[in-house]
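Enquirer: Provided below: run-v1.cif, containing mmCIF, C-alpha atoms.
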data_upload
#
loop_
_atom_site.group_PDB
_atom_site.id
_atom_site.type_symbol
_atom_site.label_atom_id
_atom_site.label_comp_id
_atom_site.auth_asym_id
_atom_site.auth_seq_id
_atom_site.Cartn_x
_atom_site.Cartn_y
_atom_site.Cartn_z
ATOM 1 C CA MET A 1 -0.621 43.841 15.602
ATOM 2 C CA THR A 2 -4.135 42.428 15.886
ATOM 3 C CA THR A 3 -6.750 44.973 16.919
ATOM 4 C CA SER A 4 -10.134 44.330 18.441
ATOM 5 C CA ILE A 5 -12.934 44.682 15.885
ATOM 6 C CA ASP A 6 -15.351 46.295 18.282
ATOM 7 C CA ALA A 7 -16.401 49.941 18.519
ATOM 8 C CA THR A 8 -16.431 49.734 22.317
ATOM 9 C CA ALA A 9 -12.628 49.474 22.325
ATOM 10 C CA ALA A 10 -12.347 53.242 21.786
ATOM 11 C CA GLY A 11 -14.293 54.072 24.951
ATOM 12 C CA THR A 12 -17.404 56.205 25.333
ATOM 13 C CA TRP A 13 -18.455 59.845 25.463
ATOM 14 C CA GLN A 14 -21.538 61.526 26.881
ATOM 15 C CA LEU A 15 -23.317 63.227 23.975
ATOM 16 C CA GLY A 16 -25.809 65.288 25.910
ATOM 17 C CA ASP A 17 -27.805 62.719 27.873
ATOM 18 C CA ARG A 18 -26.854 59.901 25.493
ATOM 19 C CA THR A 19 -23.800 57.674 25.895
ATOM 20 C CA VAL A 20 -22.091 56.775 22.616
ATOM 21 C CA ASN A 21 -19.078 54.703 21.694
ATOM 22 C CA ARG A 22 -16.369 56.993 20.361
ATOM 23 C CA MET A 23 -16.058 54.909 17.191
ATOM 24 C CA GLY A 24 -19.169 55.601 15.148
ATOM 25 C CA PHE A 25 -20.269 55.457 11.518
ATOM 26 C CA GLY A 26 -20.847 58.091 8.842
ATOM 27 C CA ALA A 27 -23.629 57.425 6.334
ATOM 28 C CA MET A 28 -22.485 59.683 3.486
ATOM 29 C CA ARG A 29 -20.945 56.819 1.488
ATOM 30 C CA LEU A 30 -24.015 54.593 1.734
ATOM 31 C CA ALA A 31 -26.025 56.090 -1.133
ATOM 32 C CA GLN A 32 -23.396 55.983 -3.849
ATOM 33 C CA ARG A 33 -20.062 54.457 -4.745
ATOM 34 C CA SER A 34 -16.852 56.454 -5.060
ATOM 35 C CA ASP A 35 -17.426 56.754 -8.818
ATOM 36 C CA GLY A 36 -20.803 58.408 -8.231
ATOM 37 C CA THR A 37 -22.996 55.472 -9.238
ATOM 38 C CA PRO A 38 -25.790 54.385 -6.866
ATOM 39 C CA SER A 39 -24.794 51.836 -4.242
ATOM 40 C CA ASP A 40 -26.082 48.295 -4.056
ATOM 41 C CA ARG A 41 -29.075 48.481 -1.751
ATOM 42 C CA GLU A 42 -28.639 45.141 0.035
ATOM 43 C CA THR A 43 -24.909 45.685 0.535
ATOM 44 C CA ALA A 44 -25.565 49.091 2.106
ATOM 45 C CA LYS A 45 -28.100 47.585 4.487
ATOM 46 C CA LYS A 46 -25.660 44.791 5.319
ATOM 47 C CA VAL A 47 -23.013 47.383 6.220
ATOM 48 C CA LEU A 48 -25.412 49.182 8.562
ATOM 49 C CA ARG A 49 -26.470 46.003 10.352
ATOM 50 C CA ARG A 50 -22.875 44.851 10.663
ATOM 51 C CA ALA A 51 -21.878 48.226 12.111
ATOM 52 C CA LEU A 52 -24.336 47.740 14.961
ATOM 53 C CA GLU A 53 -23.112 44.170 15.479
ATOM 54 C CA LEU A 54 -19.621 45.639 15.880
ATOM 55 C CA GLY A 55 -20.753 47.972 18.644
ATOM 56 C CA VAL A 56 -21.510 51.162 16.719
ATOM 57 C CA ASN A 57 -24.258 53.164 18.438
ATOM 58 C CA HIS A 58 -23.659 56.577 16.845
ATOM 59 C CA ILE A 59 -24.556 57.144 13.181
ATOM 60 C CA ASP A 60 -24.077 60.445 11.393
ATOM 61 C CA THR A 61 -26.371 61.146 8.443
ATOM 62 C CA ALA A 62 -28.263 63.857 6.520
ATOM 63 C CA ALA A 63 -31.328 64.082 4.304
ATOM 64 C CA PHE A 64 -29.136 65.426 1.493
ATOM 65 C CA TYR A 65 -27.063 62.225 1.395
ATOM 66 C CA PHE A 66 -28.698 60.712 -1.672
ATOM 67 C CA SER A 67 -27.933 59.504 -5.186
ATOM 68 C CA ALA A 68 -30.276 59.059 -8.146
ATOM 69 C CA THR A 69 -31.938 55.987 -6.596
ATOM 70 C CA ARG A 70 -30.648 55.695 -3.014
ATOM 71 C CA ALA A 71 -30.999 57.802 0.134
ATOM 72 C CA ALA A 72 -28.933 57.276 3.274
ATOM 73 C CA ASN A 73 -31.801 58.013 5.661
ATOM 74 C CA GLU A 74 -34.123 55.576 3.930
ATOM 75 C CA LEU A 75 -31.442 52.880 3.994
ATOM 76 C CA ILE A 76 -30.903 53.454 7.726
ATOM 77 C CA ASN A 77 -34.643 53.235 8.365
ATOM 78 C CA SER A 78 -35.204 50.095 6.320
ATOM 79 C CA ALA A 79 -32.104 48.332 7.654
ATOM 80 C CA LEU A 80 -32.271 49.205 11.339
ATOM 81 C CA ALA A 81 -35.805 50.146 12.411
ATOM 82 C CA PRO A 82 -37.113 49.512 14.960
ATOM 83 C CA TYR A 83 -33.964 51.116 16.345
ATOM 84 C CA PRO A 84 -32.074 49.837 19.394
ATOM 85 C CA ASP A 85 -32.631 52.005 22.468
ATOM 86 C CA ASP A 86 -28.937 52.936 22.661
ATOM 87 C CA LEU A 87 -28.615 54.057 19.018
ATOM 88 C CA VAL A 88 -28.000 57.790 18.542
ATOM 89 C CA ILE A 89 -28.641 59.166 15.061
ATOM 90 C CA THR A 90 -27.119 62.569 14.366
ATOM 91 C CA THR A 91 -28.101 64.607 11.331
ATOM 92 C CA LYS A 92 -27.328 68.042 9.916
ATOM 93 C CA VAL A 93 -29.331 70.864 8.417
ATOM 94 C CA GLY A 94 -28.610 74.160 6.734
ATOM 95 C CA PRO A 95 -27.323 72.657 3.488
ATOM 96 C CA GLY A 96 -29.881 70.767 1.445
ATOM 97 C CA ARG A 97 -30.594 69.525 -2.058
ATOM 98 C CA ASP A 98 -33.652 69.909 -4.210
ATOM 99 C CA PRO A 99 -35.167 66.826 -5.914
ATOM 100 C CA ALA A 100 -32.809 67.320 -8.880
ATOM 101 C CA GLY A 101 -29.828 67.116 -6.541
ATOM 102 C CA ASP A 102 -28.808 70.778 -6.731
ATOM 103 C CA PHE A 103 -27.456 72.183 -3.466
ATOM 104 C CA LEU A 104 -29.067 74.985 -1.516
ATOM 105 C CA HIS A 105 -28.619 76.502 1.932
ATOM 106 C CA VAL A 106 -31.269 77.702 4.367
ATOM 107 C CA SER A 107 -31.230 79.486 7.721
ATOM 108 C CA THR A 108 -34.804 80.632 8.429
ATOM 109 C CA LYS A 109 -36.886 78.830 11.036
ATOM 110 C CA LYS A 110 -39.502 77.809 8.464
ATOM 111 C CA ALA A 111 -36.967 76.288 6.092
ATOM 112 C CA LEU A 112 -34.976 74.613 8.866
ATOM 113 C CA ARG A 113 -38.184 73.182 10.325
ATOM 114 C CA GLY A 114 -38.831 71.656 6.907
ATOM 115 C CA GLN A 115 -35.383 70.050 6.884
ATOM 116 C CA VAL A 116 -35.783 68.757 10.447
ATOM 117 C CA GLU A 117 -39.188 67.291 9.638
ATOM 118 C CA GLU A 118 -37.792 65.770 6.428
ATOM 119 C CA ASN A 119 -35.153 63.912 8.455
ATOM 120 C CA ILE A 120 -37.766 62.798 10.990
ATOM 121 C CA ARG A 121 -40.021 61.424 8.225
ATOM 122 C CA GLN A 122 -37.230 59.644 6.378
ATOM 123 C CA LEU A 123 -35.783 58.067 9.514
ATOM 124 C CA GLY A 124 -39.194 57.131 10.934
ATOM 125 C CA LEU A 125 -38.655 58.949 14.212
ATOM 126 C CA ASP A 126 -40.719 61.217 16.439
ATOM 127 C CA HIS A 127 -37.787 63.567 17.113
ATOM 128 C CA LEU A 128 -34.082 63.804 16.303
ATOM 129 C CA ASP A 129 -31.392 62.952 18.860
ATOM 130 C CA VAL A 130 -28.803 65.470 17.634
ATOM 131 C CA VAL A 131 -29.015 68.086 14.877
ATOM 132 C CA ASN A 132 -25.967 69.989 13.648
ATOM 133 C CA PHE A 133 -26.437 73.416 12.096
ATOM 134 C CA ARG A 134 -23.867 73.408 9.303
ATOM 135 C CA LEU A 135 -22.518 76.655 7.924
ATOM 136 C CA GLY A 136 -21.992 76.941 4.173
ATOM 137 C CA GLN A 137 -22.291 74.372 1.404
ATOM 138 C CA SER A 138 -18.579 73.772 0.806
ATOM 139 C CA LEU A 139 -15.619 72.763 2.965
ATOM 140 C CA ASP A 140 -14.691 76.427 3.389
ATOM 141 C CA ARG A 141 -15.489 77.488 6.933
ATOM 142 C CA GLY A 142 -18.722 79.430 7.180
ATOM 143 C CA GLU A 143 -18.475 83.184 7.520
ATOM 144 C CA GLY A 144 -20.639 85.638 9.403
ATOM 145 C CA SER A 145 -23.057 84.974 12.217
ATOM 146 C CA LEU A 146 -24.802 81.663 12.872
ATOM 147 C CA ALA A 147 -27.321 83.269 15.218
ATOM 148 C CA GLU A 148 -30.330 83.147 12.891
ATOM 149 C CA GLY A 149 -30.013 79.485 11.948
ATOM 150 C CA PHE A 150 -28.803 78.153 15.278
ATOM 151 C CA GLY A 151 -31.346 80.256 17.122
ATOM 152 C CA ALA A 152 -34.102 78.809 14.939
ATOM 153 C CA LEU A 153 -32.978 75.278 15.802
ATOM 154 C CA ALA A 154 -32.924 76.201 19.497
ATOM 155 C CA GLU A 155 -36.601 77.139 19.157
ATOM 156 C CA LEU A 156 -37.354 73.811 17.474
ATOM 157 C CA GLN A 157 -35.525 72.109 20.331
ATOM 158 C CA GLN A 158 -37.857 73.826 22.778
ATOM 159 C CA GLU A 159 -40.793 72.477 20.751
ATOM 160 C CA GLY A 160 -39.477 68.920 21.216
ATOM 161 C CA LEU A 161 -38.434 68.190 17.624
ATOM 162 C CA ILE A 162 -34.741 68.031 18.584
ATOM 163 C CA ARG A 163 -33.085 66.651 21.711
ATOM 164 C CA HIS A 164 -29.583 68.135 21.370
ATOM 165 C CA LEU A 165 -27.858 70.704 19.158
ATOM 166 C CA GLY A 166 -24.484 70.805 17.445
ATOM 167 C CA ILE A 167 -22.700 73.004 14.915
ATOM 168 C CA SER A 168 -20.585 72.159 11.884
ATOM 169 C CA ASN A 169 -17.997 73.782 9.602
ATOM 170 C CA ILE A 170 -17.323 76.454 12.195
ATOM 171 C CA THR A 171 -14.619 78.511 13.899
ATOM 172 C CA ALA A 172 -13.965 79.111 17.590
ATOM 173 C CA ASP A 173 -15.834 82.422 17.339
ATOM 174 C CA HIS A 174 -18.896 80.580 16.037
ATOM 175 C CA LEU A 175 -18.752 78.227 19.010
ATOM 176 C CA THR A 176 -18.673 81.146 21.417
ATOM 177 C CA GLU A 177 -21.632 82.714 19.610
ATOM 178 C CA ALA A 178 -23.625 79.476 19.683
ATOM 179 C CA LEU A 179 -23.016 78.884 23.390
ATOM 180 C CA ASP A 180 -24.621 82.242 24.117
ATOM 181 C CA ILE A 181 -27.791 80.945 22.436
ATOM 182 C CA ALA A 182 -28.132 77.308 23.571
ATOM 183 C CA PRO A 183 -26.056 74.358 24.821
ATOM 184 C CA VAL A 184 -23.860 72.702 22.178
ATOM 185 C CA VAL A 185 -23.105 68.980 22.471
ATOM 186 C CA CYS A 186 -20.861 68.572 19.415
ATOM 187 C CA VAL A 187 -18.774 70.366 16.814
ATOM 188 C CA GLN A 188 -18.326 68.655 13.459
ATOM 189 C CA ASN A 189 -15.506 69.924 11.240
ATOM 190 C CA GLN A 190 -13.234 68.555 8.561
ATOM 191 C CA TYR A 191 -10.086 67.549 10.447
ATOM 192 C CA GLY A 192 -7.370 64.922 10.383
ATOM 193 C CA LEU A 193 -3.698 64.136 10.757
ATOM 194 C CA SER A 194 -2.774 66.199 7.691
ATOM 195 C CA THR A 195 -5.954 68.223 7.238
ATOM 196 C CA ARG A 196 -7.094 71.433 8.958
ATOM 197 C CA ARG A 197 -4.601 71.162 11.780
ATOM 198 C CA GLU A 198 -5.439 74.751 12.698
ATOM 199 C CA ASP A 199 -8.339 73.127 14.559
ATOM 200 C CA ASP A 200 -6.002 71.556 17.135
ATOM 201 C CA ALA A 201 -6.883 74.462 19.417
ATOM 202 C CA LEU A 202 -10.605 74.044 18.700
ATOM 203 C CA VAL A 203 -10.437 70.400 19.771
ATOM 204 C CA GLU A 204 -9.010 71.549 23.100
ATOM 205 C CA LEU A 205 -11.575 74.343 23.428
ATOM 206 C CA CYS A 206 -14.380 71.834 22.912
ATOM 207 C CA ALA A 207 -12.871 69.580 25.568
ATOM 208 C CA GLU A 208 -12.808 72.476 28.031
ATOM 209 C CA HIS A 209 -16.551 72.919 27.507
ATOM 210 C CA GLY A 210 -17.361 69.186 27.588
ATOM 211 C CA ILE A 211 -18.276 69.268 23.893
ATOM 212 C CA ALA A 212 -17.624 66.400 21.482
ATOM 213 C CA PHE A 213 -15.410 67.167 18.491
ATOM 214 C CA VAL A 214 -16.451 65.020 15.520
ATOM 215 C CA PRO A 215 -14.020 65.129 12.581
ATOM 216 C CA PHE A 216 -15.206 64.207 9.111
ATOM 217 C CA PHE A 217 -12.903 63.117 6.260
ATOM 218 C CA ALA A 218 -10.416 62.113 8.973
ATOM 219 C CA ILE A 219 -8.951 59.356 6.788
ATOM 220 C CA ALA A 220 -8.199 61.721 3.890
ATOM 221 C CA GLY A 221 -4.489 62.197 3.568
ATOM 222 C CA GLY A 222 -3.657 63.354 0.080
ATOM 223 C CA THR A 223 -0.150 62.196 -0.753
ATOM 224 C CA GLU A 224 1.452 59.211 0.938
ATOM 225 C CA GLN A 225 3.439 60.171 4.021
ATOM 226 C CA ALA A 226 6.360 58.134 5.270
ATOM 227 C CA ALA A 227 5.564 58.503 8.974
ATOM 228 C CA VAL A 228 2.058 57.094 8.481
ATOM 229 C CA SER A 229 3.385 54.188 6.424
ATOM 230 C CA GLU A 230 6.076 53.368 8.987
ATOM 231 C CA VAL A 231 3.672 53.405 11.950
ATOM 232 C CA ALA A 232 1.146 51.308 10.039
ATOM 233 C CA LYS A 233 3.806 48.747 9.126
ATOM 234 C CA ALA A 234 5.066 48.553 12.715
ATOM 235 C CA HIS A 235 1.571 47.744 13.994
ATOM 236 C CA GLY A 236 0.545 45.557 11.079
ATOM 237 C CA VAL A 237 -2.432 47.760 10.242
ATOM 238 C CA SER A 238 -3.546 49.978 7.366
ATOM 239 C CA GLU A 239 -2.675 53.655 6.994
ATOM 240 C CA ALA A 240 -6.370 54.514 7.275
ATOM 241 C CA GLN A 241 -6.476 52.802 10.669
ATOM 242 C CA VAL A 242 -3.474 54.824 11.819
ATOM 243 C CA ARG A 243 -5.178 58.060 10.776
ATOM 244 C CA LEU A 244 -8.374 57.118 12.616
ATOM 245 C CA ALA A 245 -6.464 56.068 15.729
ATOM 246 C CA TRP A 246 -4.542 59.347 15.673
ATOM 247 C CA THR A 247 -7.780 61.346 15.799
ATOM 248 C CA LEU A 248 -9.062 59.264 18.705
ATOM 249 C CA HIS A 249 -5.806 59.929 20.546
ATOM 250 C CA LYS A 250 -6.388 63.692 20.292
ATOM 251 C CA GLY A 251 -8.685 63.589 23.299
ATOM 252 C CA PRO A 252 -11.502 61.665 24.988
ATOM 253 C CA ASN A 253 -14.027 64.095 23.486
ATOM 254 C CA VAL A 254 -13.089 63.190 19.889
ATOM 255 C CA LEU A 255 -15.607 60.918 18.134
ATOM 256 C CA ALA A 256 -14.781 59.119 14.880
ATOM 257 C CA ILE A 257 -17.407 58.685 12.144
ATOM 258 C CA PRO A 258 -15.645 56.955 9.229
ATOM 259 C CA GLY A 259 -18.030 56.034 6.449
ATOM 260 C CA THR A 260 -18.077 53.298 3.839
ATOM 261 C CA GLY A 261 -20.431 51.200 1.777
ATOM 262 C CA ASN A 262 -17.997 48.284 1.785
ATOM 263 C CA PRO A 263 -18.309 45.562 4.474
ATOM 264 C CA ALA A 264 -14.561 44.851 4.499
ATOM 265 C CA HIS A 265 -13.697 48.532 4.861
ATOM 266 C CA LEU A 266 -16.211 48.788 7.693
ATOM 267 C CA GLU A 267 -14.450 46.098 9.706
ATOM 268 C CA GLU A 268 -11.079 47.716 9.008
ATOM 269 C CA ASN A 269 -12.346 51.104 10.190
ATOM 270 C CA ILE A 270 -13.910 49.712 13.351
ATOM 271 C CA GLY A 271 -10.693 47.822 14.028
ATOM 272 C CA ALA A 272 -8.950 51.182 14.523
ATOM 273 C CA ALA A 273 -10.885 51.539 17.796
ATOM 274 C CA GLY A 274 -8.518 49.021 19.341
ATOM 275 C CA LEU A 275 -5.292 50.455 17.942
ATOM 276 C CA ARG A 276 -3.129 52.006 20.647
ATOM 277 C CA LEU A 277 -0.419 54.354 19.424
ATOM 278 C CA SER A 278 2.672 54.820 21.566
ATOM 279 C CA ASP A 279 4.131 58.182 22.528
ATOM 280 C CA ASP A 280 6.852 57.527 19.964
ATOM 281 C CA ASP A 281 4.251 56.807 17.291
ATOM 282 C CA LEU A 282 2.437 60.036 18.080
ATOM 283 C CA SER A 283 5.656 62.038 18.044
ATOM 284 C CA ARG A 284 6.505 60.691 14.604
ATOM 285 C CA LEU A 285 3.013 61.357 13.262
ATOM 286 C CA ASN A 286 2.935 64.862 14.689
ATOM 287 C CA THR A 287 5.892 65.854 12.520
ATOM 288 C CA ILE A 288 3.462 65.804 9.579
ATOM 289 C CA GLU A 289 2.215 69.249 8.582
#
Show the structure stored in the file as structure tokens.

Expert:
Amino acid sequence: MTTSIDATAAGTWQLGDRTVNRMGFGAMRLAQRSDGTPSDRETAKKVLRRALELGVNHIDTAAFYFSATRAANELINSALAPYPDDLVITTKVGPGRDPAGDFLHVSTKKALRGQVEENIRQLGLDHLDVVNFRLGQSLDRGEGSLAEGFGALAELQQEGLIRHLGISNITADHLTEALDIAPVVCVQNQYGLSTRREDDALVELCAEHGIAFVPFFAIAGGTEQAAVSEVAKAHGVSEAQVRLAWTLHKGPNVLAIPGTGNPAHLEENIGAAGLRLSDDDLSRLNTIE
């Protein structure tokens, strides 16, 4: 099956007052290769420009996405500024890294303001479109209350530094807590066909509230699974495209943000926006646990 290589094929979602194509781009892989070495600068910039040519208008990034000599935010700025009016750049705060690359986590208003301003400086903006408050530094779901950190970001939103707020690495209880503080436009969690399926209910809860659910690491699958291989073969596409299409089929509020520093992989990922899975395909894929 030939799929349309255009992010618009997946449809759109209203992210606060901004309209975004549901197929977006994640910037985490821009700064370094899979083996940990710094990326090629011109190739990374080429990927970003090509993403916009292919209809991407939602980029997910963070100030702590950097390698020894590359930083995702700086690459975005140098490749894409001045930014198109329809481009929405989402970032995240809470986790951070010091200049040596060691991770840290902050939740006070002063520290979070510093992270917000760092993203603004690096991206060359006057304010940030969307900021996610991420709980914890690992993939383990954050524990305890998010009130201090999310409340601090809500105050920065009132000051005009942030347009919209999201939360990341959270549970349903965290979402309820956040909604009592300020509007939430997106939830960003690790989630995929064979990863964190306990969040199926959270996807539906977000939809009920008109909130975007933005899975990261959606292509990750661990071991090869026969159902994915069979569906991919039937459509003449890659297994990664099947996994991306499956997430998009979970609901109109689900936004994909696959990341890569490889131009060919970019086109393959965007091609998943046009892949339509049948009810039979979905039934076969949903047997995977």

Enquirer: Where does the PyMOL selection byres ((chain A and resi 115-118) around 9) land in this file, that is, which residues does it pick, as a ChimeraX atom specification?

Expert: /A:63,91-94,96,110-114,119-123,127-128,131,153,156,161-162

Enquirer: For CA of Phe133 in chain A and CA of Arg97 in chain A, quote the distance in Å rounded to one decimal.

Expert: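 One can read the CA of Phe133 in chain A to CA of Arg97 in chain A distance as 15.3 Å.
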
Enquirer: Extract, using all atoms listed in the file, all DNA, RNA and protein residues at most 12 Å from Asp85 in chain A, discarding same-chain residues fewer than 4 positions from it, and format them as a list in words.

Expert: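 Counting all atoms listed in the file, the residues come to Arg18, Thr19, Val20, Leu52, Asn57, His58, Leu80, Ala81, Ile89 and Asp129 of chain A.
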
Enquirer: So which one's closest to Leu244 in chain A, A:Pro263, A:Gly192, A:Gly151, A:Pro84? Using all atoms listed in the file, please.

Expert: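 Closest residue, counting all atoms listed in the file: A:Gly192.
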
Enquirer: Could you spell out the hits of the PyMOL selection byres ((chain A and resi 211) around 12) on the shown file, as a short mmCIF file (atom, residue, chain, number, x, y, z; two decimals) with C-alpha atoms, in the coordinates of the input?

Expert:
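Output contents, as saved in part-v3.cif:
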data_model
loop_
_atom_site.label_atom_id
_atom_site.label_comp_id
_atom_site.auth_asym_id
_atom_site.auth_seq_id
_atom_site.Cartn_x
_atom_site.Cartn_y
_atom_site.Cartn_z
CA TRP A 13 -18.45 59.84 25.46
CA GLN A 14 -21.54 61.53 26.88
CA LEU A 15 -23.32 63.23 23.98
CA GLY A 16 -25.81 65.29 25.91
CA HIS A 164 -29.58 68.14 21.37
CA LEU A 165 -27.86 70.70 19.16
CA GLY A 166 -24.48 70.81 17.44
CA ILE A 167 -22.70 73.00 14.92
CA LEU A 175 -18.75 78.23 19.01
CA LEU A 179 -23.02 78.88 23.39
CA PRO A 183 -26.06 74.36 24.82
CA VAL A 184 -23.86 72.70 22.18
CA VAL A 185 -23.10 68.98 22.47
CA CYS A 186 -20.86 68.57 19.42
CA VAL A 187 -18.77 70.37 16.81
CA GLN A 188 -18.33 68.66 13.46
CA LEU A 202 -10.60 74.04 18.70
CA VAL A 203 -10.44 70.40 19.77
CA GLU A 204 -9.01 71.55 23.10
CA LEU A 205 -11.58 74.34 23.43
CA CYS A 206 -14.38 71.83 22.91
CA ALA A 207 -12.87 69.58 25.57
CA GLU A 208 -12.81 72.48 28.03
CA HIS A 209 -16.55 72.92 27.51
CA GLY A 210 -17.36 69.19 27.59
CA ALA A 212 -17.62 66.40 21.48
CA PHE A 213 -15.41 67.17 18.49
CA VAL A 214 -16.45 65.02 15.52
CA GLY A 251 -8.68 63.59 23.30
CA PRO A 252 -11.50 61.66 24.99
CA ASN A 253 -14.03 64.10 23.49
CA VAL A 254 -13.09 63.19 19.89
CA LEU A 255 -15.61 60.92 18.13
#

Enquirer: Could you list, as JSON, numbers by chain, every residue matched by the PyMOL selection byres ((chain A and resi 46) around 12) in this structure?

Expert: {"A": [30, 39, 40, 41, 42, 43, 44, 45, 47, 48, 49, 50, 51, 52, 53, 75, 76, 78, 79, 80, 260, 261, 262, 263, 264, 266]}

Enquirer: What's the separation between CA of Ala182 in chain A and CA of Phe217 in chain A, in Å to one decimal place?

Expert: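 It comes out at 27.1 Å.
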
Enquirer: One number please: CA of Ala10 in chain A to CA of Met23 in chain A, in Å, one decimal.

Expert: 6.1 Å

Enquirer: Using only the atoms of range 20-27 of chain A listed in the file, plus 5 Å on each side, state the axis-aligned box centre and edge lengths in Å rounded to one decimal, as JSON.

Expert:
{"center_x": -19.8, "center_y": 56.4, "center_z": 14.5, "size_x": 17.6, "size_y": 13.4, "size_z": 26.3}

Enquirer: List as a ChimeraX atom specification: which residues have an atom within 12 Å of (-0.6, 44.3, 14.0), counting all atoms listed in the file?

Expert: /A:1-4,231-239,241-242,271-272,274-277

Enquirer: With distances taken over all atoms listed in the file, which of A:Asp35, A:Gly55, A:Phe150, A:Ser67 is nearest to Thr108 in chain A?

Expert: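 For Thr108 in chain A, the nearest of the given residues is A:Phe150.
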
Enquirer: Would you mind telling me which residue in A:Ala172, A:Ala227, A:Ala220, A:Ala9 lies nearest to Leu248 in chain A when using all atoms listed in the file?

Expert: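 Checking each of A:Ala172, A:Ala227, A:Ala220, A:Ala9 against Leu248 in chain A, counting all atoms listed in the file, the winner is A:Ala9.
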